[in-house]
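Following: one structure in structure tokens, then a few remarks.
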Amino acid sequence: MTVIVRNTSAEKVFKSIKKVITKKEIAQAEELDRFLQMKMDEIKNDLASRGLLDGQGNLERWYYLGEHLLFIDDAVVVPPEDRFQDQYIWEALWQHAPLGVRPGEPNSRTGTKRDHFRECYMLSKIPYSTVKGVGSWSDWVNFLETPVVMDDLRIVQWVGRELQGVDRQGLRDYTKRLREKFKNRVSTVLSNEELHKELKDIRGK
Amino acid sequence: MVEEINLDLEKGRDIPVNWEHQLKNIKDQYRKEKGVVHGVQKDAVQNGWDARANDFEKKWGFTIQLHTGQPGTFPTFVTMTDEGTYGLTGSVLTREEMEDELPVEERWARFQSSFFSKSEEEGAIGARGQGKFIFIGASKKHRIYYDTFRSDETYRIGIHGVVSKTKCVIDQWDGEEGLRKINERFPTLSPLTKVGTRIIIVDPIDELIDAINDGSFIEMISETWWEIIQKFGASIRVISDKGETSAKVPDFLAELPKNDTKEVKFWYRENDKFEISGTSFRIKRLHIAWKEPDDVPSDEKGIVIQRRCMNVCTFNTFNIPRNISDGLYGYIQFDDELDRLMSAAESVTHYGFDWRRSGASQVRGYIREQVSKFAYEKLEFGVDPEIRRTRERREVEKRALSIANQVAKILGIDSLGRGSKGKGKRKGVKGKKDKHPIRLDLGELNLPNENLRVNYGETVENIKVSVINETDQDIKSQLKMWLFSAEDGHIIEEFVPATDFVLKKNSIKGPFGPFALRLENGDYLPGHYKIRTRLICMDNYPEYDKGDILAERTKSFFLEIDPPERFSGMWEDIVGVELDQERLGVYSVGEYGGYVYKYNLKHKAYEAIGDDEEAIVEYLFRLTNQAIIEIDLQSDTSVLFDEEELGDPVILAEKMGSLKGVWLNDYYSSE
């Protein structure tokens, strides 16, 4: 996947993990650029209609923003093989997001696994009732920035399914145990069954 | 040679002391804290409390009274009277008799002397015998009287005054003579009828009179002595021209919450223990609360440090933002052992601690940690204290790294192992080899330049990895090797895609490679790149779980940019790790070709430092100095030692000690 970002002179820069970008990919990048602009306008309007653009209700705002970003799951927009490998899509989103939709100016986390939009996207994989039950954006960020979680979306999906009703302390405790369990360990080589068993064991402690 | 002068020191004269200047110095010490008046009440009640009798409960009391004078009749004076105490027991001792250690019963002699300390075993708060000078300092005439009535029904009055620049005198009268003296001097004063002591400040300074009359004096007492009021029902009264008031526990401490509400959150801990050099100490109680900062008056902000029931000072330097820490208030109390340890760190005026001292350093760390937890758990300050601690440790490590590299640079050994093909590398110098039984050998990258810089059109060669298994276990493994951007983590190339195999016991697999990476303009952006290889366990074994990272190695280079300075020093990094308890630390060659020093977070010497950042930096400095010597000795051509030194272990040891002494001296000289 190729995306367009703009440098400080507002010139278009085509970014891709591929060394050679084909004409077709350039055209797709232009299309994606237009789509992202349209999408961001749509998000802005929706958040405004919910009264979430005035700096209040961060958790709610970022959750609904994340829901809008689920278009990234569309294989046409982001090929599945690129989804967690290619972080340029997150950088591209910043280019189009107006203030209020983005939390501030791009920073050193932009375009990395700690990208704000990426965290919104991941959070929206969890039912809103569970997200709200914890109540604090910073606690969710603490969970989402756990190294093993950043690398394995299956963990977010499992938490959304199996930790419904978790409260703030419960999430903190679970995050802490998760960090310990996967310290110096990767989860991506585990099968779904193996991973779910591990996650369940951590919950049971 | 200088001949020793034969002096009869017994016949020598006392050195004249400028007492006025001495008095000024002592007053200045108090002014820097909470002022002379605050010091008067603190030392006065402290003297009375230290002298409490065994059966003091319900009997102990302290009264401060202002006696406004009548011009031409008697002067204005302030009395400070204790009861339920032993009184000033003991004899009037000669100078010679005071040469020996004064036992606790010789209270009179102790009071009349200067700077005779009390032992901590006595459980006294005041320990240095300086406090009475603040009473003299609170007298415009620099003069105090004191009378005492003892359990043997004897009465004595004494005087203590600075009468000239170099003369500070004491005198005393017993029995009837004493009573006559006091009646002559202070005709409105009744003789003491209860066992105890009374201090009389003659012609007190205006600020003391004002404080007694406007109520601020009783507030100072309440704030300082609330714990003995709360715990023992101690009665402390102030009688002014306007009437009598009693000290009470300040509302903000009396009403510290034990339940959370919307407006107020609390944090309560009891009996938390920690060890210092094998001895266990206990925080008796930490009780703090938080309100909106605007709702907490400035004199109530912070955590009151109590020692032996006295408010010593308020602690308010936390590791959380000001807008949160400004809403904190409460107190901390210690067990007797920790009280004693804290005493040694307490300032002479009893208004603060040397936080670098053993005990105080740990207490500071404890308070900060608990406040961070409180902020995290209840105040929605969202960084886990453990993560915060790690971040703070990294900052200290970076400081130590910078200093260690400066030393190495001065010694001319700042470019060990840099570059490729031996360029810039001192022959024969090696790091301690990774001895883990399962490991990856990434070898040396062939970089085109002496430092870690690579330019467009150049090639990085010899990218290869071998997998070593020295265990007696076949292990299902997966190997990967890839290039990624150190700045944003993007994976750029996969040299070895995920490759599964059984790593046979006691074998070497590979090498995988060598690969070469040609860096063409247009293919790669300028920046910092890393080549990483990782071996992952792919089954469950007694010692390893599936997914465990069995080994990982990383090498770096910089495309079209010069490596930052930290990548060109001898020390690439200093990091805390957990090692066997006895090991101070280990070092090895890092991913940039410099050394990485790994110090032991579990070593008792490190743990004893607590969170004193300066002390940690110095500790790491000492460790890396030792390592510099070791690394130099492993080289074929030492720059620190000549052949003679290398040939004689005794001379070598002396030189090593000397070098460390010089470096440490430079360290402190440069600060």
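In the structure tokens, chains take letters A, B, ... by order of appearance, with residues numbered from 1 within each chain and ligands from 1 in the order shown.
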
With a distance cut-off of 7 Å and only C-alpha atoms, select the neighbouring residues of region 548-554 of chain B, excluding the residue or stretch itself and same-chain residues fewer than 2 positions from it, and output the selection as a PDB file with N, CA, C and O atoms, in the first residue's frame.
ATOM      1  N   ASN A 184       9.549 -10.275  27.385  1.00  0.00           N
ATOM      2  CA  ASN A 184      10.541 -11.046  26.624  1.00  0.00           C
ATOM      3  C   ASN A 184       9.904 -12.247  25.908  1.00  0.00           C
ATOM      4  O   ASN A 184      10.478 -13.321  25.829  1.00  0.00           O
ATOM      5  N   ARG A 185       8.694 -12.046  25.448  1.00  0.00           N
ATOM      6  CA  ARG A 185       7.986 -13.135  24.778  1.00  0.00           C
ATOM      7  C   ARG A 185       7.089 -12.538  23.705  1.00  0.00           C
ATOM      8  O   ARG A 185       6.548 -11.441  23.904  1.00  0.00           O
ATOM      9  N   VAL A 186       6.927 -13.240  22.587  1.00  0.00           N
ATOM     10  CA  VAL A 186       6.018 -12.749  21.545  1.00  0.00           C
ATOM     11  C   VAL A 186       4.788 -13.645  21.488  1.00  0.00           C
ATOM     12  O   VAL A 186       4.876 -14.839  21.752  1.00  0.00           O
TER      13      VAL A 186
ATOM     14  N   ILE B 438      22.047 -20.530  24.840  1.00  0.00           N
ATOM     15  CA  ILE B 438      21.394 -20.388  23.525  1.00  0.00           C
ATOM     16  C   ILE B 438      21.616 -18.952  23.100  1.00  0.00           C
ATOM     17  O   ILE B 438      21.167 -18.023  23.783  1.00  0.00           O
ATOM     18  N   ARG B 439      22.314 -18.760  22.013  1.00  0.00           N
ATOM     19  CA  ARG B 439      22.630 -17.374  21.637  1.00  0.00           C
ATOM     20  C   ARG B 439      22.770 -17.227  20.124  1.00  0.00           C
ATOM     21  O   ARG B 439      22.871 -18.209  19.391  1.00  0.00           O
ATOM     22  N   LEU B 440      22.791 -15.970  19.724  1.00  0.00           N
ATOM     23  CA  LEU B 440      22.954 -15.642  18.311  1.00  0.00           C
ATOM     24  C   LEU B 440      24.284 -14.939  18.127  1.00  0.00           C
ATOM     25  O   LEU B 440      24.637 -14.049  18.915  1.00  0.00           O
ATOM     26  N   LEU B 442      25.922 -12.563  15.704  1.00  0.00           N
ATOM     27  CA  LEU B 442      25.630 -11.684  14.568  1.00  0.00           C
ATOM     28  C   LEU B 442      26.915 -11.249  13.869  1.00  0.00           C
ATOM     29  O   LEU B 442      26.884 -10.654  12.796  1.00  0.00           O
ATOM     30  N   LYS B 530      18.264  -0.217  11.978  1.00  0.00           N
ATOM     31  CA  LYS B 530      18.745  -1.327  12.806  1.00  0.00           C
ATOM     32  C   LYS B 530      18.534  -2.647  12.070  1.00  0.00           C
ATOM     33  O   LYS B 530      17.504  -2.842  11.416  1.00  0.00           O
ATOM     34  N   ILE B 531      19.512  -3.506  12.251  1.00  0.00           N
ATOM     35  CA  ILE B 531      19.357  -4.882  11.766  1.00  0.00           C
ATOM     36  C   ILE B 531      19.170  -5.742  13.010  1.00  0.00           C
ATOM     37  O   ILE B 531      20.003  -5.720  13.915  1.00  0.00           O
ATOM     38  N   ARG B 532      18.070  -6.431  13.046  1.00  0.00           N
ATOM     39  CA  ARG B 532      17.783  -7.229  14.247  1.00  0.00           C
ATOM     40  C   ARG B 532      17.562  -8.678  13.871  1.00  0.00           C
ATOM     41  O   ARG B 532      16.953  -8.975  12.835  1.00  0.00           O
ATOM     42  N   THR B 533      18.060  -9.548  14.719  1.00  0.00           N
ATOM     43  CA  THR B 533      17.783 -10.965  14.534  1.00  0.00           C
ATOM     44  C   THR B 533      17.237 -11.513  15.840  1.00  0.00           C
ATOM     45  O   THR B 533      17.664 -11.094  16.924  1.00  0.00           O
ATOM     46  N   ARG B 534      16.284 -12.406  15.705  1.00  0.00           N
ATOM     47  CA  ARG B 534      15.588 -12.898  16.910  1.00  0.00           C
ATOM     48  C   ARG B 534      15.314 -14.385  16.765  1.00  0.00           C
ATOM     49  O   ARG B 534      14.918 -14.850  15.698  1.00  0.00           O
ATOM     50  N   LEU B 535      15.543 -15.087  17.863  1.00  0.00           N
ATOM     51  CA  LEU B 535      15.264 -16.523  17.901  1.00  0.00           C
ATOM     52  C   LEU B 535      14.131 -16.753  18.891  1.00  0.00           C
ATOM     53  O   LEU B 535      14.221 -16.347  20.052  1.00  0.00           O
ATOM     54  N   ILE B 536      13.074 -17.395  18.394  1.00  0.00           N
ATOM     55  CA  ILE B 536      11.878 -17.583  19.231  1.00  0.00           C
ATOM     56  C   ILE B 536      11.664 -19.073  19.474  1.00  0.00           C
ATOM     57  O   ILE B 536      11.845 -19.896  18.567  1.00  0.00           O
ATOM     58  N   CYS B 537      11.265 -19.393  20.682  1.00  0.00           N
ATOM     59  CA  CYS B 537      10.952 -20.777  21.029  1.00  0.00           C
ATOM     60  C   CYS B 537       9.582 -21.139  20.441  1.00  0.00           C
ATOM     61  O   CYS B 537       8.622 -20.373  20.599  1.00  0.00           O
ATOM     62  N   TYR B 544      11.443 -23.239  28.858  1.00  0.00           N
ATOM     63  CA  TYR B 544      10.986 -22.205  27.935  1.00  0.00           C
ATOM     64  C   TYR B 544       9.548 -22.466  27.514  1.00  0.00           C
ATOM     65  O   TYR B 544       9.119 -23.612  27.400  1.00  0.00           O
ATOM     66  N   ASP B 545       8.842 -21.344  27.273  1.00  0.00           N
ATOM     67  CA  ASP B 545       7.478 -21.444  26.762  1.00  0.00           C
ATOM     68  C   ASP B 545       7.464 -21.055  25.289  1.00  0.00           C
ATOM     69  O   ASP B 545       8.333 -20.296  24.831  1.00  0.00           O
ATOM     70  N   LYS B 546       6.470 -21.534  24.610  1.00  0.00           N
ATOM     71  CA  LYS B 546       6.321 -21.146  23.206  1.00  0.00           C
ATOM     72  C   LYS B 546       6.153 -19.621  23.135  1.00  0.00           C
ATOM     73  O   LYS B 546       5.350 -19.043  23.876  1.00  0.00           O
ATOM     74  N   SER B 556      23.337  -1.455  14.542  1.00  0.00           N
ATOM     75  CA  SER B 556      22.809  -0.202  14.000  1.00  0.00           C
ATOM     76  C   SER B 556      23.738   0.417  12.963  1.00  0.00           C
ATOM     77  O   SER B 556      24.940   0.174  12.978  1.00  0.00           O
ATOM     78  N   GLU B 591      24.959  -2.875  20.453  1.00  0.00           N
ATOM     79  CA  GLU B 591      24.604  -2.902  19.036  1.00  0.00           C
ATOM     80  C   GLU B 591      25.310  -1.836  18.214  1.00  0.00           C
ATOM     81  O   GLU B 591      25.332  -1.905  17.000  1.00  0.00           O
TER      82      GLU B 591
END

| query | Quick one: which residues from chain B are at most 10 Å off chain A, using only C-alpha atoms, as a PyMOL selection string? | reply | chain B and resi 376-377+380-384+386-387+478+487-493+498+522-524+536-539+545-552

If you keep N, CA and C atoms, can you produce a file of those selected residues as a CSV table (one decimal), in the first residue's frame?
chain,number,residue,atom,x,y,z
B,376,TYR,N,-2.1,7.7,40.7
B,376,TYR,CA,-2.4,6.8,39.6
B,376,TYR,C,-3.8,6.1,40.0
B,377,GLU,N,-3.9,5.6,41.2
B,377,GLU,CA,-5.1,4.8,41.6
B,377,GLU,C,-6.3,5.7,41.7
B,380,GLU,N,-6.6,9.8,38.9
B,380,GLU,CA,-6.6,9.8,37.4
B,380,GLU,C,-5.4,10.4,36.8
B,381,PHE,N,-4.3,10.2,37.4
B,381,PHE,CA,-3.0,10.6,36.8
B,381,PHE,C,-2.4,9.3,36.2
B,382,GLY,N,-2.5,9.2,34.9
B,382,GLY,CA,-2.5,7.9,34.3
B,382,GLY,C,-1.2,7.2,34.0
B,383,VAL,N,-0.2,7.4,34.7
B,383,VAL,CA,1.0,6.6,34.4
B,383,VAL,C,1.3,5.7,35.5
B,384,ASP,N,1.4,4.4,35.2
B,384,ASP,CA,1.7,3.4,36.2
B,384,ASP,C,3.0,3.8,36.9
B,386,GLU,N,5.2,2.1,38.3
B,386,GLU,CA,6.4,1.3,37.9
B,386,GLU,C,7.0,1.8,36.6
B,387,ILE,N,6.1,2.2,35.7
B,387,ILE,CA,6.6,2.7,34.4
B,387,ILE,C,7.3,4.1,34.6
B,478,GLN,N,12.3,-20.6,15.9
B,478,GLN,CA,12.0,-19.8,14.7
B,478,GLN,C,13.0,-18.6,14.6
B,487,GLU,N,13.5,4.9,13.8
B,487,GLU,CA,12.7,6.1,14.2
B,487,GLU,C,11.2,5.7,14.3
B,488,ASP,N,10.7,5.0,13.3
B,488,ASP,CA,9.2,4.7,13.4
B,488,ASP,C,8.9,3.2,13.4
B,489,GLY,N,9.9,2.4,13.4
B,489,GLY,CA,9.7,0.9,13.6
B,489,GLY,C,9.3,0.2,12.3
B,490,HIS,N,9.2,1.0,11.2
B,490,HIS,CA,8.9,0.3,9.9
B,490,HIS,C,9.9,-0.7,9.5
B,491,ILE,N,9.4,-1.9,9.1
B,491,ILE,CA,10.2,-2.9,8.6
B,491,ILE,C,10.6,-2.7,7.2
B,492,ILE,N,11.8,-2.6,6.8
B,492,ILE,CA,12.3,-2.3,5.5
B,492,ILE,C,12.6,-3.5,4.7
B,493,GLU,N,13.4,-4.4,5.3
B,493,GLU,CA,13.8,-5.6,4.6
B,493,GLU,C,13.7,-6.8,5.5
B,498,ALA,N,10.6,-15.4,8.7
B,498,ALA,CA,10.4,-16.4,9.8
B,498,ALA,C,10.7,-17.8,9.3
B,522,GLY,N,16.7,7.1,-3.0
B,522,GLY,CA,15.3,6.8,-3.5
B,522,GLY,C,14.7,5.5,-2.9
B,523,ASP,N,15.6,4.6,-2.5
B,523,ASP,CA,15.1,3.4,-1.9
B,523,ASP,C,14.9,3.6,-0.4
B,524,TYR,N,15.8,4.4,0.2
B,524,TYR,CA,15.8,4.5,1.7
B,524,TYR,C,15.9,6.0,2.0
B,536,ILE,N,13.1,-17.4,18.4
B,536,ILE,CA,11.9,-17.6,19.2
B,536,ILE,C,11.7,-19.1,19.5
B,537,CYS,N,11.3,-19.4,20.7
B,537,CYS,CA,11.0,-20.8,21.0
B,537,CYS,C,9.6,-21.1,20.4
B,538,MET,N,9.5,-22.3,19.8
B,538,MET,CA,8.2,-22.6,19.1
B,538,MET,C,7.5,-23.8,19.7
B,539,ASP,N,7.9,-24.2,20.9
B,539,ASP,CA,7.2,-25.3,21.6
B,539,ASP,C,7.4,-25.0,23.1
B,545,ASP,N,8.8,-21.3,27.3
B,545,ASP,CA,7.5,-21.4,26.8
B,545,ASP,C,7.5,-21.1,25.3
B,546,LYS,N,6.5,-21.5,24.6
B,546,LYS,CA,6.3,-21.1,23.2
B,546,LYS,C,6.2,-19.6,23.1
B,547,GLY,N,6.9,-19.0,22.3
B,547,GLY,CA,6.9,-17.6,22.1
B,547,GLY,C,8.0,-16.9,22.9
B,548,ASP,N,8.7,-17.5,23.8
B,548,ASP,CA,9.8,-16.9,24.5
B,548,ASP,C,10.9,-16.5,23.5
B,549,ILE,N,11.4,-15.3,23.7
B,549,ILE,CA,12.5,-14.9,22.9
B,549,ILE,C,13.8,-15.5,23.5
B,550,LEU,N,14.3,-16.4,22.8
B,550,LEU,CA,15.5,-17.2,23.3
B,550,LEU,C,16.8,-16.3,23.2
B,551,ALA,N,16.8,-15.6,22.1
B,551,ALA,CA,18.0,-14.7,21.9
B,551,ALA,C,17.7,-13.6,21.0
B,552,GLU,N,18.3,-12.5,21.1
B,552,GLU,CA,18.1,-11.4,20.2
B,552,GLU,C,19.3,-10.6,20.1

| task | Check the smallest atom-to-atom distance from each of B:Thr390, B:Ile628, B:Ser235, B:Gly412 to Leu601 (chain B) using only C-alpha atoms, then report the winner. | result |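 Among the listed residues, the smallest separation from Leu601 (chain B) belongs to B:Thr390.
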
| request: Report as number ranges by chain: the residues of region 102-335 of chain B with a DSSP assignment of strand (DSSP E), based on the backbone of this structure. | output: B: 143-149, 155-164, 167-174, 196-202, 235-240, 243-246, 265-276, 279-290, 302-307, 310-315, 328-334

| task | Please provide the set of residues having any atom within 10 Å of region 337-340 of chain B, restricted to only C-alpha atoms, with same-chain residues fewer than 2 positions apart removed, written as a list in words. | result |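 Using only C-alpha atoms, the neighbours found are Glu120, Glu121, Gly123, Ala124, Ile125, Thr279, Ser280, Phe281, Arg282, Ile283, Lys284, Gln306, Arg307, Arg308, Cys309, Gln333, Phe334, Asp335, Met342, Ser343, Ala344, Ala345, Glu346, Gly359, Ala360 and Val363 of chain B.
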
| said: What does the structure give for the distance between CA of Ser358 (chain B) and CA of Trp226 (chain B), in Å to one decimal? | reply: 27.1 Å

| said: Between CA of Leu286 (chain B) and CA of Glu223 (chain B), what distance in Å does the model show, to one decimal? | reply: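 If I compute the distance from CA of Leu286 (chain B) to CA of Glu223 (chain B), I get 17.2 Å.
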
| message | With only C-alpha atoms as the counted atoms, please give the residues lying no more than 12 Å from region 9-13 of chain A, apart from itself and same-chain residues fewer than 5 positions off, as a list in words. | response | Thr2, Val3, Ile4, Ile21, Ile26, Ala29, Glu30, Asp33, Tyr88, Glu91, Ala92 and Gln95 of chain A; Gly522 and Leu525 of chain B

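For the pair CA of Thr8 (chain A) and CA of Lys23 (chain A), the interatomic distance is 24.5 Å.
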
| said: Could you list, as JSON, numbers by chain, every residue within 10 Å of region 18-29 of chain B, counting only C-alpha atoms and ignoring same-chain residues fewer than 2 positions away? | reply: {"B": [15, 16, 31, 32, 33, 34, 35, 36, 37, 39, 130, 131, 133, 134, 135, 136, 137, 138, 142, 161, 162, 163, 164, 165, 166, 167, 168, 348, 349, 351]}

Output file for the residues above (N, CA, C and O atoms, as a tab-separated table (two decimals), in the first residue's frame):
chain	number	residue	atom	x	y	z
B	15	ILE	N	39.50	30.16	74.11
B	15	ILE	CA	39.37	31.03	72.93
B	15	ILE	C	38.17	31.94	73.13
B	15	ILE	O	37.06	31.45	73.45
B	16	PRO	N	38.34	33.23	73.00
B	16	PRO	CA	37.18	34.11	73.14
B	16	PRO	C	36.14	33.81	72.07
B	16	PRO	O	36.50	33.58	70.91
B	31	ARG	N	15.49	31.89	61.21
B	31	ARG	CA	14.79	32.79	60.28
B	31	ARG	C	14.66	32.14	58.91
B	31	ARG	O	13.68	32.37	58.20
B	32	LYS	N	15.68	31.35	58.55
B	32	LYS	CA	15.63	30.69	57.24
B	32	LYS	C	14.52	29.64	57.21
B	32	LYS	O	14.08	29.22	56.15
B	33	GLU	N	14.12	29.18	58.37
B	33	GLU	CA	13.06	28.17	58.41
B	33	GLU	C	11.72	28.86	58.60
B	33	GLU	O	11.21	29.43	57.65
B	34	LYS	N	11.20	28.87	59.82
B	34	LYS	CA	9.89	29.50	60.01
B	34	LYS	C	9.97	30.68	60.95
B	34	LYS	O	8.94	31.13	61.48
B	35	GLY	N	11.16	31.17	61.23
B	35	GLY	CA	11.31	32.37	62.05
B	35	GLY	C	11.65	32.05	63.50
B	35	GLY	O	11.50	30.92	63.97
B	36	VAL	N	12.10	33.08	64.20
B	36	VAL	CA	12.56	32.93	65.58
B	36	VAL	C	11.40	32.53	66.49
B	36	VAL	O	11.52	31.64	67.34
B	37	VAL	N	10.24	33.16	66.29
B	37	VAL	CA	9.10	32.90	67.17
B	37	VAL	C	8.66	31.45	67.06
B	37	VAL	O	8.39	30.77	68.06
B	39	GLY	N	10.51	29.03	66.23
B	39	GLY	CA	11.56	28.25	66.88
B	39	GLY	C	11.43	28.24	68.39
B	39	GLY	O	11.70	27.24	69.04
B	130	GLN	N	21.26	23.09	71.58
B	130	GLN	CA	21.39	24.43	71.01
B	130	GLN	C	20.13	25.27	71.23
B	130	GLN	O	20.18	26.49	71.23
B	131	GLY	N	19.01	24.58	71.46
B	131	GLY	CA	17.70	25.22	71.44
B	131	GLY	C	17.56	26.40	72.40
B	131	GLY	O	16.90	27.38	72.08
B	133	PHE	N	19.38	28.69	73.12
B	133	PHE	CA	19.89	29.96	72.61
B	133	PHE	C	18.84	30.72	71.82
B	133	PHE	O	18.93	31.93	71.67
B	134	ILE	N	17.84	30.01	71.34
B	134	ILE	CA	16.79	30.73	70.63
B	134	ILE	C	15.93	31.50	71.64
B	134	ILE	O	15.38	32.55	71.33
B	135	PHE	N	15.86	30.99	72.89
B	135	PHE	CA	15.14	31.75	73.93
B	135	PHE	C	15.93	33.03	74.25
B	135	PHE	O	15.34	34.10	74.41
B	136	ILE	N	17.25	32.88	74.36
B	136	ILE	CA	18.08	34.07	74.65
B	136	ILE	C	17.96	35.05	73.48
B	136	ILE	O	17.87	36.26	73.67
B	137	GLY	N	17.91	34.47	72.27
B	137	GLY	CA	17.79	35.31	71.09
B	137	GLY	C	16.45	36.02	71.03
B	137	GLY	O	16.30	37.05	70.37
B	138	ALA	N	15.44	35.44	71.70
B	138	ALA	CA	14.11	36.06	71.69
B	138	ALA	C	13.99	37.13	72.77
B	138	ALA	O	12.91	37.71	72.96
B	142	HIS	N	18.90	39.72	75.69
B	142	HIS	CA	19.68	38.48	75.55
B	142	HIS	C	19.84	37.79	76.91
B	142	HIS	O	20.93	37.41	77.32
B	161	GLY	N	22.76	34.49	80.27
B	161	GLY	CA	22.68	35.69	79.46
B	161	GLY	C	23.98	36.03	78.75
B	161	GLY	O	25.07	35.65	79.20
B	162	VAL	N	23.83	36.71	77.66
B	162	VAL	CA	25.00	37.24	76.95
B	162	VAL	C	25.16	38.67	77.43
B	162	VAL	O	24.30	39.53	77.16
B	163	VAL	N	26.22	38.92	78.19
B	163	VAL	CA	26.34	40.23	78.82
B	163	VAL	C	27.30	41.16	78.07
B	163	VAL	O	27.31	42.36	78.30
B	164	SER	N	28.15	40.59	77.28
B	164	SER	CA	28.99	41.41	76.41
B	164	SER	C	29.33	40.57	75.19
B	164	SER	O	28.93	39.41	75.09
B	165	LYS	N	30.06	41.20	74.29
B	165	LYS	CA	30.33	40.50	73.03
B	165	LYS	C	30.95	39.12	73.27
B	165	LYS	O	30.59	38.14	72.61
B	166	THR	N	31.85	39.04	74.25
B	166	THR	CA	32.57	37.78	74.43
B	166	THR	C	32.21	37.07	75.73
B	166	THR	O	32.88	36.14	76.14
B	167	LYS	N	31.14	37.52	76.36
B	167	LYS	CA	30.83	36.93	77.66
B	167	LYS	C	29.39	36.41	77.72
B	167	LYS	O	28.43	37.18	77.58
B	168	CYS	N	29.28	35.12	77.93
B	168	CYS	CA	27.97	34.49	78.12
B	168	CYS	C	28.03	33.83	79.49
B	168	CYS	O	28.86	32.96	79.73
B	348	VAL	N	19.87	20.74	62.62
B	348	VAL	CA	20.09	21.15	64.00
B	348	VAL	C	18.92	21.97	64.54
B	348	VAL	O	18.62	21.95	65.73
B	349	THR	N	18.22	22.65	63.66
B	349	THR	CA	17.07	23.44	64.11
B	349	THR	C	15.78	22.62	64.15
B	349	THR	O	14.73	23.14	64.52
B	351	TYR	N	14.06	21.52	61.59
B	351	TYR	CA	13.10	21.96	60.57
B	351	TYR	C	13.28	21.25	59.23
B	351	TYR	O	12.69	21.64	58.23

| Nearby residues (only C-alpha atoms) at most 12 Å from Arg269 (chain B), same-chain spacing under 4 positions excluded, as a list in words |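 Selected residues are Lys258, Lys273, Arg282, Ile283, Lys284, Arg285, Leu286, His287, Ile288, Ala289, Gly330, Tyr331, Ile332, Gln333, Phe334, Tyr366, Ile367, Gln370, Val371, Lys373 and Phe374 of chain B.
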
| request: DSSP on the backbone, then: every residue of region 175-352 of chain B marked helix (DSSP H, G or I), written as a PyMOL selection string. | output: chain B and resi 175-185+206-214+216-232+251-254+293-295+298-300+322-325+336-345

| request: May I have the residues within 7 Å of Glu263 (chain B) as a list in words, using only C-alpha atoms and disregarding those fewer than 2 positions away in the same chain? | output: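 Residues meeting the cut-off are Thr261, Lys265 and Lys291 of chain B.
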